[in-house]
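Working notes for the structure below.
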Amino acid sequence: MNQNEMATRAIWVGPTKCDDERDRRTRLVDKVWDRINWDVGFHLELGNATDFLREALNCYQNGAFMATALMCRTCTQTAVYLSISRKVTGLEINTSLESIHDDWPSIVRKAKKAGMVDDETEGMLKHITKKGDFAAHYGQKFDQKTAQGQGLGDLWISPSQAREILRQSEKILQHLHNKMSSC
């Protein structure tokens, strides 16, 4: 096999070289990051969720779309939990451990009751959770879809799906920051 043939073969296992779309993805990542209204309160209120958003953006930038979905799920679920368990006053953070053992549906219900999550935000959370769960439980989802005869066409998070999940994650973080700042 000559070098040209090797360069055009698809790599199924292991790291790949950057593809031609990386520059376009980098521009989108920069736009998402720049749209966030960064201030001291943002990181105090949403702490690790902002770090997970940065990880999700890095995944997307490098073409790791399944990992993007996982990190967006982690980011948004962390942010919602923090919105009901943290109260920031100035530079002081008070933590309530009341929800530490709650499951995800209970956390969302508490966030809705507290006015942190509205119907639109809940819809985005459901979408992100569904895509993140797909990635997290891929082996099972793969077997379910193929056993149902659905074929292999929709068995990966696409670049456009990852892009939408990132945009929704950014909107959710902005929404929660605005709600937490107004309390």
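We label chains A, B, ... in the order they appear in the structure tokens, count residues from 1 in each chain, and number ligands from 1 in the order shown.
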
**Study point:** Test item, helix (DSSP H, G or I) assignment across chain A, answer as a PyMOL selection string
**Key:** chain A and resi 3-8+22-35+40-61+65-85+104-113+119-136+138-147+159-182

Exercise for review: Pick out the residues sitting within 10 Å of A:Thr78, and hand them over as a list in words; count only C-alpha atoms, and ignore anything fewer than 5 positions along from it in its own chain.
Suggested key: Leu46, Gly47, Asn48, Ala49, Thr50, Phe52, Cys72, Arg73 and Ser83 of chain A

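For A:Asp34, the set of protein, DNA and RNA residues having any atom at most 12 Å away, when counting only C-alpha atoms and skipping those fewer than 4 positions along the same chain, is Arg27, Leu28, Val29, Asp30, Trp38, Arg54, Leu57, Glu170 and Gln174 of chain A.
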
Taking C-alpha atoms for each residue, export the selection above as a CSV table (one decimal), in the first residue's frame.
chain,number,residue,atom,x,y,z
A,27,ARG,CA,-15.0,29.7,14.5
A,28,LEU,CA,-18.3,28.3,15.9
A,29,VAL,CA,-16.6,27.4,19.2
A,30,ASP,CA,-15.2,31.0,19.5
A,38,TRP,CA,-18.6,36.2,31.6
A,54,ARG,CA,-15.2,24.4,27.7
A,57,LEU,CA,-16.4,23.0,22.9
A,170,GLU,CA,-24.9,27.8,26.0
A,174,GLN,CA,-27.0,31.9,30.2

Could you produce a table of the residues of stretch 34-79 of chain A lying within 9 Å of stretch 92-104 of chain A, with the nearest pair of atoms per residue and their separation in Å rounded to one decimal, using only C-alpha atoms, ordered by chain and increasing residue number, as a Markdown table?
| residue | atom | partner | partner_atom | distance |
| --- | --- | --- | --- | --- |
| A:Leu44 | CA | A:Ile93 | CA | 7.4 |
| A:Glu45 | CA | A:Ile93 | CA | 8.0 |
| A:Gln77 | CA | A:Trp104 | CA | 7.8 |

Save out the residues we just selected, C-alpha atoms, as a short mmCIF file (atom, residue, chain, number, x, y, z; two decimals), in the first residue's frame.
data_model
loop_
_atom_site.label_atom_id
_atom_site.label_comp_id
_atom_site.auth_asym_id
_atom_site.auth_seq_id
_atom_site.Cartn_x
_atom_site.Cartn_y
_atom_site.Cartn_z
CA LEU A 44 -19.07 31.48 41.11
CA GLU A 45 -22.64 30.37 40.38
CA GLN A 77 -27.04 18.69 34.40
#

Stretch 16-68 of chain A residues near stretch 165-169 of chain A within 9 Å, closest pair each, using only C-alpha atoms, as CSV:
residue,atom,partner,partner_atom,distance
A:Val29,CA,A:Leu166,CA,8.8
A:Val32,CA,A:Arg167,CA,7.0
A:Leu53,CA,A:Ser169,CA,7.6
A:Ala56,CA,A:Leu166,CA,7.5
A:Leu57,CA,A:Leu166,CA,7.4
A:Tyr60,CA,A:Leu166,CA,8.4
A:Thr68,CA,A:Leu166,CA,7.7

Mind dumping the selected residues with N, CA and C atoms as an mmCIF file, in the first residue's frame?
data_model
loop_
_atom_site.group_PDB
_atom_site.id
_atom_site.type_symbol
_atom_site.label_atom_id
_atom_site.label_comp_id
_atom_site.auth_asym_id
_atom_site.auth_seq_id
_atom_site.Cartn_x
_atom_site.Cartn_y
_atom_site.Cartn_z
ATOM 1 N N VAL A 29 -16.945 27.491 17.810
ATOM 2 C CA VAL A 29 -16.557 27.397 19.216
ATOM 3 C C VAL A 29 -16.277 28.789 19.772
ATOM 4 N N VAL A 32 -19.601 30.675 20.311
ATOM 5 C CA VAL A 32 -20.333 30.210 21.490
ATOM 6 C C VAL A 32 -19.663 30.740 22.750
ATOM 7 N N LEU A 53 -18.481 22.979 29.854
ATOM 8 C CA LEU A 53 -18.810 23.589 28.561
ATOM 9 C C LEU A 53 -17.533 23.758 27.741
ATOM 10 N N ALA A 56 -16.686 20.494 26.322
ATOM 11 C CA ALA A 56 -17.589 20.167 25.205
ATOM 12 C C ALA A 56 -17.168 20.910 23.945
ATOM 13 N N LEU A 57 -16.805 22.176 24.094
ATOM 14 C CA LEU A 57 -16.363 22.971 22.948
ATOM 15 C C LEU A 57 -15.073 22.390 22.359
ATOM 16 N N TYR A 60 -16.010 19.304 20.335
ATOM 17 C CA TYR A 60 -16.604 19.674 19.047
ATOM 18 C C TYR A 60 -15.529 20.184 18.087
ATOM 19 N N THR A 68 -18.871 15.387 22.537
ATOM 20 C CA THR A 68 -19.547 16.675 22.702
ATOM 21 C C THR A 68 -20.891 16.471 23.389
#

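Checking A:Lys171, A:Arg163, A:Thr76, A:Gln150 one by one against A:Arg25, counting only C-alpha atoms, you find the shortest gap at A:Arg163.
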
Review point. Counting only C-alpha atoms, what is within 8 Å of stretch 176-179 of chain A, bar same-chain residues fewer than 5 positions away, as JSON, numbers by chain?
Key: {"A": [41, 42, 45, 46, 79, 80, 83, 115, 116, 117]}

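Using only C-alpha atoms, the nearest neighbour of A:Ala135 within the list A:Ala162, A:Leu173, A:Val88, A:Ile107 is A:Ala162.
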
Check your understanding: At what distance in Å, to one decimal, does atom CA of A:Leu155 lie from atom CA of A:Asp143?
Key -> 10.1 Å

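Comparing the minimum interatomic distances between A:Cys183 and each of A:Gln61, A:Gln161, A:Gln144, A:Thr89, counting only C-alpha atoms, we find that A:Thr89 sits nearest.
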
Exercise for review: Considering only C-alpha atoms, state which residue in the set A:Thr121, A:Ser158, A:Asn37, A:Asn62 is at the smallest distance from A:Asp19.
Suggested key: A:Asn62

Would you please extract all strand (DSSP E) residues from stretch 60-164 of chain A, as assigned by DSSP on the backbone, and give them as a PDB file with N, CA and C atoms, in the first residue's frame?
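What landed in selection-v1.pdb:
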ATOM      1  N   ARG A  86     -26.867  26.055  45.167  1.00  0.00           N
ATOM      2  CA  ARG A  86     -25.935  27.138  45.493  1.00  0.00           C
ATOM      3  C   ARG A  86     -26.670  28.471  45.586  1.00  0.00           C
ATOM      4  N   LYS A  87     -26.254  29.244  46.559  1.00  0.00           N
ATOM      5  CA  LYS A  87     -26.724  30.619  46.690  1.00  0.00           C
ATOM      6  C   LYS A  87     -25.478  31.470  46.830  1.00  0.00           C
ATOM      7  N   VAL A  88     -25.263  32.357  45.860  1.00  0.00           N
ATOM      8  CA  VAL A  88     -24.075  33.196  45.857  1.00  0.00           C
ATOM      9  C   VAL A  88     -24.467  34.589  46.341  1.00  0.00           C
ATOM     10  N   THR A  89     -23.764  35.053  47.356  1.00  0.00           N
ATOM     11  CA  THR A  89     -23.951  36.412  47.865  1.00  0.00           C
ATOM     12  C   THR A  89     -22.587  37.074  47.853  1.00  0.00           C
ATOM     13  N   GLU A  92     -19.361  35.055  48.458  1.00  0.00           N
ATOM     14  CA  GLU A  92     -19.633  33.927  49.348  1.00  0.00           C
ATOM     15  C   GLU A  92     -20.614  32.961  48.685  1.00  0.00           C
ATOM     16  N   ILE A  93     -20.296  31.669  48.776  1.00  0.00           N
ATOM     17  CA  ILE A  93     -21.155  30.632  48.208  1.00  0.00           C
ATOM     18  C   ILE A  93     -21.700  29.779  49.347  1.00  0.00           C
ATOM     19  N   ASN A  94     -23.025  29.741  49.458  1.00  0.00           N
ATOM     20  CA  ASN A  94     -23.677  28.873  50.440  1.00  0.00           C
ATOM     21  C   ASN A  94     -24.219  27.665  49.698  1.00  0.00           C
ATOM     22  N   THR A  95     -23.913  26.482  50.223  1.00  0.00           N
ATOM     23  CA  THR A  95     -24.299  25.238  49.568  1.00  0.00           C
ATOM     24  C   THR A  95     -25.349  24.512  50.392  1.00  0.00           C
TER      25      THR A  95
END

**Study point:** Which of A:Ser160, A:Ser182, A:Thr146, A:Thr129 sits closest to A:Val108 [using only C-alpha atoms]
**Key:** A:Thr129
